[in-house]
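Chemist: Here it is: the structure, laid out below.
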Amino acid sequence: MYKKVLITFMLLTLFSCNDGDIFVSELDFPQALEYCTGSDDLIVYSIKTSPYESLSIKLPINNQDYFITEGLFNTALSSTNTFNYRTYSGDPSNIFCNSLPPSSPTITSNSFATNGEVNFITELTEDDNDGVPANFEDENIDGDNDPSTNPTDTDNDGIPNYLDSDDDGDNVPTINEQPDPNNDDDIADALDTDNDGIPNYLDNDDDNDGIITRYEDSNLDLNPANDISDPAIGPDYLNNNSTTSNTIDEYNDHTKTQEYSCSIVIENMVLINSNTNEELINESYFMGTINTTISDYSYPVDFN
C-alpha cells in the first residue's frame, strides 16, 4: 500500500501546476538524504556542490523513529519548522550538524515554506542472513514463487524460514550449519552429517543418534556448538557416540538484518524567496529517502 502512496506523491510532483518562475525539475538534488538530531528538533537535508545549494527541513521531533517505523506518518510545517532552499558562497557541508555553525560560507539566498505537510513513507525489508537465498527457503506449495505467502516454517516457531536465522530450531544458527559451503548460492551441497538426505540446517537431529540437537547441550547455555566430549570429532550434536541429553525447550534469540527506506514528500507548500517574496513552488515535492540498516537485530522467539 505504501508503495502506491509514494507513486501518487511522485506523480503529483511531476505533473501538478507551478505558479512561480522556478520549477521543481530545477531542484535537482541528491535524493539520498542526511539528517541531524538536536535536543528538540530534527534537521533533514540534501546538499548540492555545483553550485552550492541545499534543501532542508527543520522538524519538531528529536528522534528518528519515523525512519525506522513502517507506515505513513506526517507532521506540519510552521513558522519555526520550515522547509528551506538556500544557496551559498561556499561548501555548506559543515553547517547543519554543528551546534555552532561556521561563519562561512554565507547564505546568498534563502527560500522557505512555513505551510504544508511533511510525509514519511517508511518500508521495511528484512533478511535472516543465514546463507540461504530466500527463494530456496520456501517449499512453494502455493506455486507463486514468493516465500512471504504461505511460507515454509520448518520448526513451527512462527517465523518463516526466509526470516528465521535458525530454520530447524536446534539452537545452532543456520549460517553455522554450512548450508552453502562454497558460497555459490547453490545449497545442493549443504552439509548433511548423518547422510539422511536432510541437510543439517533443516535437521533437528544432525547426527541421527536419537537425541535432538537442541538437547545435546550439556552446559545448558542454549548453544550446542560448545559442548564437546571428544575434540577429535567435535560438538556432541555431531557425534553419534555421545548420549548426553538435556530437555531444553527454549530457543536462543534469533537475529536478522533490517533495511528501512523512508521516503519524504512535502505536500501543499508554498516556497517563497525571503528577499524578493517570489513564489517558487506551489505543489507536492518528493525530497528523497533516508535508508537505515540495523544489522544483527536480535529478537526473542517463544518456544511452541
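Ligands are numbered from 1 in the order shown, residues from 1 within each chain, and chains are lettered A, B, ... in the order they appear in the C-alpha cells.
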Please return as a PyMOL selection string: the residues of region 21-227 of chain A that backbone DSSP assigns to helix (DSSP H, G or I).
Modeler: chain A and resi 24-26+65-68+134-136+161-163+174-177+187-189+200-202+213-215+224-226
Chemist: Write the selection just made, keeping C-alpha atoms, as an mmCIF file, in the first residue's frame?
Modeler:
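Just written: part.cif:
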```cif
data_model
loop_
_atom_site.group_PDB
_atom_site.id
_atom_site.type_symbol
_atom_site.label_atom_id
_atom_site.label_comp_id
_atom_site.auth_asym_id
_atom_site.auth_seq_id
_atom_site.Cartn_x
_atom_site.Cartn_y
_atom_site.Cartn_z
ATOM 1 C CA VAL A 24 10.620 21.531 -9.372
ATOM 2 C CA SER A 25 12.812 19.997 -12.084
ATOM 3 C CA GLU A 26 15.423 22.685 -11.311
ATOM 4 C CA ASP A 65 11.636 6.990 14.894
ATOM 5 C CA TYR A 66 9.848 7.873 11.653
ATOM 6 C CA PHE A 67 12.818 6.473 9.749
ATOM 7 C CA ILE A 68 12.590 3.040 11.388
ATOM 8 C CA ALA A 134 15.142 -16.547 0.307
ATOM 9 C CA ASN A 135 13.787 -18.222 -2.817
ATOM 10 C CA PHE A 136 15.318 -21.528 -1.634
ATOM 11 C CA ASN A 161 12.355 -19.940 7.116
ATOM 12 C CA TYR A 162 13.241 -16.977 4.921
ATOM 13 C CA LEU A 163 13.278 -14.760 8.047
ATOM 14 C CA THR A 174 21.595 -21.883 10.068
ATOM 15 C CA ILE A 175 24.662 -19.953 8.851
ATOM 16 C CA ASN A 176 26.847 -22.126 11.124
ATOM 17 C CA GLU A 177 25.433 -25.371 9.703
ATOM 18 C CA ILE A 187 22.509 -25.357 -1.496
ATOM 19 C CA ALA A 188 22.723 -28.721 -3.235
ATOM 20 C CA ASP A 189 25.986 -29.364 -1.363
ATOM 21 C CA ASN A 200 21.934 -30.051 8.880
ATOM 22 C CA TYR A 201 20.302 -26.631 8.724
ATOM 23 C CA LEU A 202 16.887 -28.307 8.370
ATOM 24 C CA THR A 213 20.476 -31.373 18.581
ATOM 25 C CA ARG A 214 18.879 -28.859 20.938
ATOM 26 C CA TYR A 215 19.092 -31.417 23.770
ATOM 27 C CA PRO A 224 25.073 -26.976 21.469
ATOM 28 C CA ALA A 225 28.159 -25.981 19.471
ATOM 29 C CA ASN A 226 30.342 -25.503 22.562
#
```
Chemist: Can you tell me which residues surround Glu279 (chain A) at a distance of at most 7 Å, considering only C-alpha atoms, apart from same-chain residues fewer than 3 positions away, and format the answer as a ChimeraX atom specification?
Modeler: /A:20,270-273
Chemist: Write out as JSON, numbers by chain which residues come within 12 Å of Thr247 (chain A) when counting only C-alpha atoms, dropping same-chain ones fewer than 3 positions away.
Modeler: {"A": [211, 212, 213, 214, 215, 216, 217, 218, 219, 220, 222, 244, 250, 251]}
Chemist: List as a PyMOL selection string the protein and nucleic acid residues near Asp168 (chain A), meaning an atom at most 6 Å away when only C-alpha atoms are counted, but skip any in the same chain fewer than 3 places from it.
Modeler: chain A and resi 154-155+202+204
Chemist: Write the selection just made, keeping C-alpha atoms, as a short mmCIF file (atom, residue, chain, number, x, y, z; two decimals), in the first residue's frame?
Modeler:
```cif
data_model
loop_
_atom_site.label_atom_id
_atom_site.label_comp_id
_atom_site.auth_asym_id
_atom_site.auth_seq_id
_atom_site.Cartn_x
_atom_site.Cartn_y
_atom_site.Cartn_z
CA THR A 154 10.35 -25.95 9.35
CA ASP A 155 10.50 -25.68 13.15
CA LEU A 202 16.89 -28.31 8.37
CA ASN A 204 16.88 -31.19 14.26
#
```
Chemist: Hey, what's within 9 Å of region 93-105 of chain A if we count only C-alpha atoms and toss same-chain stuff fewer than 3 positions away? As a PyMOL selection string, please?
Modeler: chain A and resi 35-38+43-45+47+56+88-90+108
Chemist: Work out how far apart CA of Ser284 (chain A) and CA of Pro92 (chain A) are and give it in Å to one decimal.
Modeler: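 A separation of 25.5 Å between them.
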Chemist: One decimal, in Å: what's the spacing between CA of Asp209 (chain A) and CA of Asp196 (chain A)?
Modeler: 11.7 Å
Chemist: Near Ala32 (chain A), within 12 Å and counting only C-alpha atoms, which residues show up once chain neighbours fewer than 3 positions away are dropped, as a PDB file with all heavy atoms, in the first residue's frame?
Modeler:
```
ATOM      1  N   PHE A  29      18.400  17.633  -6.658  1.00  0.00           N
ATOM      2  CA  PHE A  29      19.306  17.370  -5.552  1.00  0.00           C
ATOM      3  C   PHE A  29      19.509  15.862  -5.375  1.00  0.00           C
ATOM      4  O   PHE A  29      18.651  15.070  -5.771  1.00  0.00           O
ATOM      5  CB  PHE A  29      18.733  17.952  -4.254  1.00  0.00           C
ATOM      6  CG  PHE A  29      18.986  19.417  -4.077  1.00  0.00           C
ATOM      7  CD1 PHE A  29      18.252  20.350  -4.793  1.00  0.00           C
ATOM      8  CD2 PHE A  29      19.960  19.865  -3.201  1.00  0.00           C
ATOM      9  CE1 PHE A  29      18.485  21.701  -4.640  1.00  0.00           C
ATOM     10  CE2 PHE A  29      20.197  21.215  -3.037  1.00  0.00           C
ATOM     11  CZ  PHE A  29      19.466  22.139  -3.760  1.00  0.00           C
ATOM     12  N   TYR A  35      20.705  13.590   7.893  1.00  0.00           N
ATOM     13  CA  TYR A  35      19.954  14.245   8.963  1.00  0.00           C
ATOM     14  C   TYR A  35      20.803  14.424  10.208  1.00  0.00           C
ATOM     15  O   TYR A  35      21.820  13.762  10.404  1.00  0.00           O
ATOM     16  CB  TYR A  35      18.685  13.459   9.304  1.00  0.00           C
ATOM     17  CG  TYR A  35      18.929  12.094   9.903  1.00  0.00           C
ATOM     18  CD1 TYR A  35      19.016  11.917  11.291  1.00  0.00           C
ATOM     19  CD2 TYR A  35      19.058  10.972   9.099  1.00  0.00           C
ATOM     20  CE1 TYR A  35      19.232  10.671  11.835  1.00  0.00           C
ATOM     21  CE2 TYR A  35      19.274   9.718   9.638  1.00  0.00           C
ATOM     22  CZ  TYR A  35      19.360   9.574  11.009  1.00  0.00           C
ATOM     23  OH  TYR A  35      19.591   8.335  11.551  1.00  0.00           O
ATOM     24  N   VAL A  44      16.614  17.473   8.396  1.00  0.00           N
ATOM     25  CA  VAL A  44      16.857  16.594   7.259  1.00  0.00           C
ATOM     26  C   VAL A  44      17.323  17.470   6.107  1.00  0.00           C
ATOM     27  O   VAL A  44      16.730  18.524   5.855  1.00  0.00           O
ATOM     28  CB  VAL A  44      15.576  15.834   6.862  1.00  0.00           C
ATOM     29  CG1 VAL A  44      15.844  14.942   5.651  1.00  0.00           C
ATOM     30  CG2 VAL A  44      15.061  15.003   8.028  1.00  0.00           C
ATOM     31  N   TYR A  45      18.379  17.040   5.413  1.00  0.00           N
ATOM     32  CA  TYR A  45      18.921  17.931   4.383  1.00  0.00           C
ATOM     33  C   TYR A  45      19.574  17.164   3.244  1.00  0.00           C
ATOM     34  O   TYR A  45      19.897  15.985   3.350  1.00  0.00           O
ATOM     35  CB  TYR A  45      19.944  18.895   4.999  1.00  0.00           C
ATOM     36  CG  TYR A  45      21.178  18.234   5.578  1.00  0.00           C
ATOM     37  CD1 TYR A  45      22.342  18.095   4.821  1.00  0.00           C
ATOM     38  CD2 TYR A  45      21.184  17.735   6.885  1.00  0.00           C
ATOM     39  CE1 TYR A  45      23.472  17.494   5.343  1.00  0.00           C
ATOM     40  CE2 TYR A  45      22.309  17.135   7.412  1.00  0.00           C
ATOM     41  CZ  TYR A  45      23.456  17.017   6.643  1.00  0.00           C
ATOM     42  OH  TYR A  45      24.569  16.406   7.162  1.00  0.00           O
ATOM     43  N   SER A  46      19.742  17.894   2.135  1.00  0.00           N
ATOM     44  CA  SER A  46      20.462  17.402   0.968  1.00  0.00           C
ATOM     45  C   SER A  46      21.291  18.564   0.426  1.00  0.00           C
ATOM     46  O   SER A  46      20.814  19.702   0.385  1.00  0.00           O
ATOM     47  CB  SER A  46      19.491  16.895  -0.097  1.00  0.00           C
ATOM     48  OG  SER A  46      20.195  16.446  -1.243  1.00  0.00           O
ATOM     49  N   ILE A  47      22.528  18.277   0.025  1.00  0.00           N
ATOM     50  CA  ILE A  47      23.454  19.321  -0.423  1.00  0.00           C
ATOM     51  C   ILE A  47      23.890  19.047  -1.857  1.00  0.00           C
ATOM     52  O   ILE A  47      24.169  17.905  -2.228  1.00  0.00           O
ATOM     53  CB  ILE A  47      24.700  19.382   0.492  1.00  0.00           C
ATOM     54  CG1 ILE A  47      24.301  19.853   1.888  1.00  0.00           C
ATOM     55  CG2 ILE A  47      25.774  20.294  -0.094  1.00  0.00           C
ATOM     56  CD1 ILE A  47      25.441  19.801   2.886  1.00  0.00           C
ATOM     57  N   LYS A  48      23.931  20.120  -2.639  1.00  0.00           N
ATOM     58  CA  LYS A  48      24.483  20.067  -3.982  1.00  0.00           C
ATOM     59  C   LYS A  48      25.695  20.986  -4.024  1.00  0.00           C
ATOM     60  O   LYS A  48      25.652  22.104  -3.495  1.00  0.00           O
ATOM     61  CB  LYS A  48      23.429  20.498  -5.010  1.00  0.00           C
ATOM     62  CG  LYS A  48      23.887  20.382  -6.445  1.00  0.00           C
ATOM     63  CD  LYS A  48      22.725  20.470  -7.424  1.00  0.00           C
ATOM     64  CE  LYS A  48      21.969  21.770  -7.329  1.00  0.00           C
ATOM     65  NZ  LYS A  48      20.903  21.881  -8.341  1.00  0.00           N
ATOM     66  N   LEU A  55      18.745  21.800   0.343  1.00  0.00           N
ATOM     67  CA  LEU A  55      17.360  21.692   0.755  1.00  0.00           C
ATOM     68  C   LEU A  55      17.367  21.170   2.183  1.00  0.00           C
ATOM     69  O   LEU A  55      18.149  20.276   2.521  1.00  0.00           O
ATOM     70  CB  LEU A  55      16.585  20.714  -0.133  1.00  0.00           C
ATOM     71  CG  LEU A  55      16.379  21.075  -1.596  1.00  0.00           C
ATOM     72  CD1 LEU A  55      15.643  19.946  -2.313  1.00  0.00           C
ATOM     73  CD2 LEU A  55      15.619  22.379  -1.740  1.00  0.00           C
ATOM     74  N   SER A 261      13.623   1.976   4.491  1.00  0.00           N
ATOM     75  CA  SER A 261      13.712   3.026   3.486  1.00  0.00           C
ATOM     76  C   SER A 261      12.570   4.007   3.732  1.00  0.00           C
ATOM     77  O   SER A 261      11.396   3.652   3.608  1.00  0.00           O
ATOM     78  CB  SER A 261      13.607   2.445   2.072  1.00  0.00           C
ATOM     79  OG  SER A 261      13.645   3.467   1.099  1.00  0.00           O
ATOM     80  N   CYS A 262      12.930   5.231   4.111  1.00  0.00           N
ATOM     81  CA  CYS A 262      11.944   6.257   4.425  1.00  0.00           C
ATOM     82  C   CYS A 262      11.955   7.318   3.328  1.00  0.00           C
ATOM     83  O   CYS A 262      12.956   8.025   3.157  1.00  0.00           O
ATOM     84  CB  CYS A 262      12.232   6.888   5.784  1.00  0.00           C
ATOM     85  SG  CYS A 262      11.084   8.229   6.214  1.00  0.00           S
ATOM     86  N   SER A 263      10.871   7.427   2.578  1.00  0.00           N
ATOM     87  CA  SER A 263      10.738   8.453   1.549  1.00  0.00           C
ATOM     88  C   SER A 263      10.033   9.663   2.145  1.00  0.00           C
ATOM     89  O   SER A 263       9.055   9.523   2.887  1.00  0.00           O
ATOM     90  CB  SER A 263       9.926   7.919   0.371  1.00  0.00           C
ATOM     91  OG  SER A 263      10.575   6.811  -0.221  1.00  0.00           O
ATOM     92  N   ILE A 264      10.543  10.855   1.829  1.00  0.00           N
ATOM     93  CA  ILE A 264       9.996  12.087   2.383  1.00  0.00           C
ATOM     94  C   ILE A 264       9.373  12.915   1.263  1.00  0.00           C
ATOM     95  O   ILE A 264      10.023  13.242   0.272  1.00  0.00           O
ATOM     96  CB  ILE A 264      11.083  12.897   3.108  1.00  0.00           C
ATOM     97  CG1 ILE A 264      11.596  12.083   4.308  1.00  0.00           C
ATOM     98  CG2 ILE A 264      10.539  14.239   3.573  1.00  0.00           C
ATOM     99  CD1 ILE A 264      12.677  12.763   5.104  1.00  0.00           C
ATOM    100  N   PHE A 286       8.768  15.533  -3.909  1.00  0.00           N
ATOM    101  CA  PHE A 286       9.467  14.348  -3.397  1.00  0.00           C
ATOM    102  C   PHE A 286      10.909  14.743  -3.117  1.00  0.00           C
ATOM    103  O   PHE A 286      11.693  14.989  -4.027  1.00  0.00           O
ATOM    104  CB  PHE A 286       9.395  13.221  -4.418  1.00  0.00           C
ATOM    105  CG  PHE A 286      10.223  12.020  -4.062  1.00  0.00           C
ATOM    106  CD1 PHE A 286       9.922  11.264  -2.935  1.00  0.00           C
ATOM    107  CD2 PHE A 286      11.302  11.643  -4.844  1.00  0.00           C
ATOM    108  CE1 PHE A 286      10.687  10.152  -2.605  1.00  0.00           C
ATOM    109  CE2 PHE A 286      12.072  10.540  -4.521  1.00  0.00           C
ATOM    110  CZ  PHE A 286      11.760   9.790  -3.397  1.00  0.00           C
ATOM    111  N   MET A 287      11.260  14.819  -1.843  1.00  0.00           N
ATOM    112  CA  MET A 287      12.587  15.299  -1.463  1.00  0.00           C
ATOM    113  C   MET A 287      13.651  14.223  -1.583  1.00  0.00           C
ATOM    114  O   MET A 287      14.770  14.475  -2.017  1.00  0.00           O
ATOM    115  CB  MET A 287      12.555  15.847  -0.036  1.00  0.00           C
ATOM    116  CG  MET A 287      13.849  16.497   0.412  1.00  0.00           C
ATOM    117  SD  MET A 287      13.692  17.239   2.054  1.00  0.00           S
ATOM    118  CE  MET A 287      15.353  17.878   2.295  1.00  0.00           C
ATOM    119  N   GLY A 288      13.339  13.001  -1.189  1.00  0.00           N
ATOM    120  CA  GLY A 288      14.319  11.924  -1.265  1.00  0.00           C
ATOM    121  C   GLY A 288      14.070  10.868  -0.204  1.00  0.00           C
ATOM    122  O   GLY A 288      12.978  10.784   0.372  1.00  0.00           O
ATOM    123  N   THR A 289      15.078  10.060   0.073  1.00  0.00           N
ATOM    124  CA  THR A 289      14.928   8.944   1.007  1.00  0.00           C
ATOM    125  C   THR A 289      16.060   8.914   2.022  1.00  0.00           C
ATOM    126  O   THR A 289      17.167   9.391   1.771  1.00  0.00           O
ATOM    127  CB  THR A 289      14.910   7.596   0.266  1.00  0.00           C
ATOM    128  OG1 THR A 289      16.137   7.449  -0.463  1.00  0.00           O
ATOM    129  CG2 THR A 289      13.743   7.518  -0.695  1.00  0.00           C
ATOM    130  N   ILE A 290      15.753   8.340   3.164  1.00  0.00           N
ATOM    131  CA  ILE A 290      16.745   8.047   4.190  1.00  0.00           C
ATOM    132  C   ILE A 290      16.736   6.542   4.392  1.00  0.00           C
ATOM    133  O   ILE A 290      15.700   5.949   4.717  1.00  0.00           O
ATOM    134  CB  ILE A 290      16.433   8.769   5.505  1.00  0.00           C
ATOM    135  CG1 ILE A 290      16.624  10.280   5.325  1.00  0.00           C
ATOM    136  CG2 ILE A 290      17.313   8.257   6.636  1.00  0.00           C
ATOM    137  CD1 ILE A 290      16.239  11.084   6.535  1.00  0.00           C
ATOM    138  N   ASN A 291      17.879   5.914   4.177  1.00  0.00           N
ATOM    139  CA  ASN A 291      17.998   4.466   4.334  1.00  0.00           C
ATOM    140  C   ASN A 291      18.722   4.150   5.638  1.00  0.00           C
ATOM    141  O   ASN A 291      19.787   4.714   5.914  1.00  0.00           O
ATOM    142  CB  ASN A 291      18.745   3.859   3.148  1.00  0.00           C
ATOM    143  CG  ASN A 291      17.993   4.028   1.842  1.00  0.00           C
ATOM    144  OD1 ASN A 291      16.795   3.754   1.771  1.00  0.00           O
ATOM    145  ND2 ASN A 291      18.672   4.489   0.807  1.00  0.00           N
ATOM    146  N   THR A 292      18.145   3.257   6.410  1.00  0.00           N
ATOM    147  CA  THR A 292      18.710   2.879   7.708  1.00  0.00           C
ATOM    148  C   THR A 292      18.856   1.373   7.772  1.00  0.00           C
ATOM    149  O   THR A 292      17.892   0.646   7.519  1.00  0.00           O
ATOM    150  CB  THR A 292      17.814   3.359   8.868  1.00  0.00           C
ATOM    151  OG1 THR A 292      17.612   4.770   8.760  1.00  0.00           O
ATOM    152  CG2 THR A 292      18.454   3.034  10.214  1.00  0.00           C
TER     153      THR A 292
END
```
Chemist: If you run DSSP on the backbone here, which positions in region 33-189 of chain A get strand (DSSP E)? Please write them as a PyMOL selection string.
Modeler: chain A and resi 34-37+42-49+52-59+71-76+83-88+107-113+117-127
Chemist: List the neighbours of region 109-114 of chain A out to 6 Å using only C-alpha atoms; skip same-chain residues closer than 4 positions along the sequence, and give me the result as a list in words.
Modeler: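 Counting only the stated atoms, we get Leu77, Ser78, Ser79, Thr82, Phe83, Asn84, Tyr85, Arg86, Thr87, Val270, Leu271, Ile272, Asn273 and Ser274 of chain A.
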Chemist: For the selection just defined, write its residues with all heavy atoms to a file, as an mmCIF file, in the first residue's frame.
Modeler:
```
data_model
loop_
_atom_site.group_PDB
_atom_site.id
_atom_site.type_symbol
_atom_site.label_atom_id
_atom_site.label_comp_id
_atom_site.auth_asym_id
_atom_site.auth_seq_id
_atom_site.Cartn_x
_atom_site.Cartn_y
_atom_site.Cartn_z
ATOM 1 N N LEU A 77 4.530 21.702 8.669
ATOM 2 C CA LEU A 77 5.478 22.812 8.656
ATOM 3 C C LEU A 77 4.845 23.989 9.391
ATOM 4 O O LEU A 77 3.624 24.094 9.502
ATOM 5 C CB LEU A 77 5.808 23.223 7.222
ATOM 6 C CG LEU A 77 6.567 22.192 6.374
ATOM 7 C CD1 LEU A 77 6.694 22.683 4.934
ATOM 8 C CD2 LEU A 77 7.946 21.914 6.954
ATOM 9 N N SER A 78 5.713 24.887 9.903
ATOM 10 C CA SER A 78 5.214 26.052 10.638
ATOM 11 C C SER A 78 6.240 27.169 10.547
ATOM 12 O O SER A 78 7.257 27.039 9.854
ATOM 13 C CB SER A 78 4.971 25.681 12.103
ATOM 14 O OG SER A 78 6.214 25.441 12.752
ATOM 15 N N SER A 79 6.004 28.249 11.269
ATOM 16 C CA SER A 79 6.932 29.373 11.241
ATOM 17 C C SER A 79 8.274 29.019 11.876
ATOM 18 O O SER A 79 9.294 29.649 11.596
ATOM 19 C CB SER A 79 6.331 30.575 11.972
ATOM 20 O OG SER A 79 6.021 30.232 13.319
ATOM 21 N N THR A 82 10.499 24.836 9.242
ATOM 22 C CA THR A 82 10.343 25.211 7.846
ATOM 23 C C THR A 82 11.073 24.267 6.896
ATOM 24 O O THR A 82 11.975 23.532 7.285
ATOM 25 C CB THR A 82 10.893 26.623 7.612
ATOM 26 O OG1 THR A 82 12.295 26.634 7.936
ATOM 27 C CG2 THR A 82 10.175 27.644 8.456
ATOM 28 N N PHE A 83 10.637 24.342 5.650
ATOM 29 C CA PHE A 83 11.356 23.732 4.537
ATOM 30 C C PHE A 83 12.105 24.861 3.836
ATOM 31 O O PHE A 83 11.518 25.906 3.529
ATOM 32 C CB PHE A 83 10.381 23.064 3.578
ATOM 33 C CG PHE A 83 11.020 22.568 2.308
ATOM 34 C CD1 PHE A 83 11.810 21.429 2.311
ATOM 35 C CD2 PHE A 83 10.828 23.243 1.115
ATOM 36 C CE1 PHE A 83 12.400 20.969 1.138
ATOM 37 C CE2 PHE A 83 11.406 22.791 -0.058
ATOM 38 C CZ PHE A 83 12.201 21.652 -0.042
ATOM 39 N N ASN A 84 13.424 24.685 3.616
ATOM 40 C CA ASN A 84 14.249 25.747 3.044
ATOM 41 C C ASN A 84 15.015 25.293 1.811
ATOM 42 O O ASN A 84 15.509 24.165 1.759
ATOM 43 C CB ASN A 84 15.267 26.256 4.076
ATOM 44 C CG ASN A 84 14.630 27.035 5.197
ATOM 45 O OD1 ASN A 84 14.203 26.441 6.186
ATOM 46 N ND2 ASN A 84 14.570 28.345 5.059
ATOM 47 N N TYR A 85 15.089 26.200 0.856
ATOM 48 C CA TYR A 85 16.008 26.065 -0.279
ATOM 49 C C TYR A 85 16.976 27.236 -0.198
ATOM 50 O O TYR A 85 16.572 28.401 -0.177
ATOM 51 C CB TYR A 85 15.239 26.090 -1.593
ATOM 52 C CG TYR A 85 16.110 26.362 -2.802
ATOM 53 C CD1 TYR A 85 17.142 25.492 -3.154
ATOM 54 C CD2 TYR A 85 15.912 27.503 -3.586
ATOM 55 C CE1 TYR A 85 17.943 25.751 -4.251
ATOM 56 C CE2 TYR A 85 16.702 27.760 -4.688
ATOM 57 C CZ TYR A 85 17.722 26.883 -5.015
ATOM 58 O OH TYR A 85 18.523 27.142 -6.101
ATOM 59 N N ARG A 86 18.289 26.946 -0.118
ATOM 60 C CA ARG A 86 19.288 28.003 0.073
ATOM 61 C C ARG A 86 20.431 27.852 -0.914
ATOM 62 O O ARG A 86 20.745 26.743 -1.349
ATOM 63 C CB ARG A 86 19.852 27.966 1.506
ATOM 64 C CG ARG A 86 18.847 28.361 2.575
ATOM 65 C CD ARG A 86 19.417 28.222 3.960
ATOM 66 N NE ARG A 86 18.494 28.716 4.977
ATOM 67 C CZ ARG A 86 18.279 28.140 6.137
ATOM 68 N NH1 ARG A 86 18.933 27.029 6.457
ATOM 69 N NH2 ARG A 86 17.428 28.657 7.000
ATOM 70 N N THR A 87 21.050 28.982 -1.209
ATOM 71 C CA THR A 87 22.292 28.995 -1.988
ATOM 72 C C THR A 87 23.376 29.613 -1.121
ATOM 73 O O THR A 87 23.085 30.395 -0.198
ATOM 74 C CB THR A 87 22.133 29.787 -3.295
ATOM 75 O OG1 THR A 87 21.855 31.156 -2.984
ATOM 76 C CG2 THR A 87 21.012 29.214 -4.150
ATOM 77 N N VAL A 270 4.157 26.330 -0.122
ATOM 78 C CA VAL A 270 4.482 27.471 -0.965
ATOM 79 C C VAL A 270 5.872 27.931 -0.558
ATOM 80 O O VAL A 270 6.078 28.399 0.552
ATOM 81 C CB VAL A 270 3.477 28.622 -0.798
ATOM 82 C CG1 VAL A 270 3.880 29.813 -1.654
ATOM 83 C CG2 VAL A 270 2.074 28.156 -1.138
ATOM 84 N N LEU A 271 6.832 27.803 -1.460
ATOM 85 C CA LEU A 271 8.215 28.173 -1.187
ATOM 86 C C LEU A 271 8.427 29.608 -1.657
ATOM 87 O O LEU A 271 8.230 29.925 -2.833
ATOM 88 C CB LEU A 271 9.160 27.213 -1.910
ATOM 89 C CG LEU A 271 10.639 27.245 -1.550
ATOM 90 C CD1 LEU A 271 10.854 26.887 -0.089
ATOM 91 C CD2 LEU A 271 11.414 26.273 -2.437
ATOM 92 N N ILE A 272 8.839 30.485 -0.745
ATOM 93 C CA ILE A 272 8.943 31.917 -1.023
ATOM 94 C C ILE A 272 10.357 32.405 -0.779
ATOM 95 O O ILE A 272 10.986 32.064 0.234
ATOM 96 C CB ILE A 272 7.958 32.707 -0.137
ATOM 97 C CG1 ILE A 272 6.531 32.245 -0.413
ATOM 98 C CG2 ILE A 272 8.092 34.203 -0.365
ATOM 99 C CD1 ILE A 272 5.507 32.851 0.518
ATOM 100 N N ASN A 273 10.887 33.214 -1.693
ATOM 101 C CA ASN A 273 12.206 33.810 -1.535
ATOM 102 C C ASN A 273 12.109 34.943 -0.509
ATOM 103 O O ASN A 273 11.281 35.851 -0.642
ATOM 104 C CB ASN A 273 12.704 34.355 -2.878
ATOM 105 C CG ASN A 273 14.131 34.848 -2.796
ATOM 106 O OD1 ASN A 273 14.410 35.859 -2.159
ATOM 107 N ND2 ASN A 273 15.029 34.144 -3.463
ATOM 108 N N SER A 274 12.956 34.900 0.533
ATOM 109 C CA SER A 274 12.858 35.869 1.627
ATOM 110 C C SER A 274 13.275 37.274 1.219
ATOM 111 O O SER A 274 12.912 38.247 1.887
ATOM 112 C CB SER A 274 13.712 35.414 2.814
ATOM 113 O OG SER A 274 15.057 35.247 2.415
#
```
Chemist: Would you mind telling me which residue in A:Asp184, A:Asp236, A:Glu34, A:Asp164 lies nearest to Glu126 (chain A) when using only C-alpha atoms?
Modeler: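 The closest residue to Glu126 (chain A) is A:Asp164.
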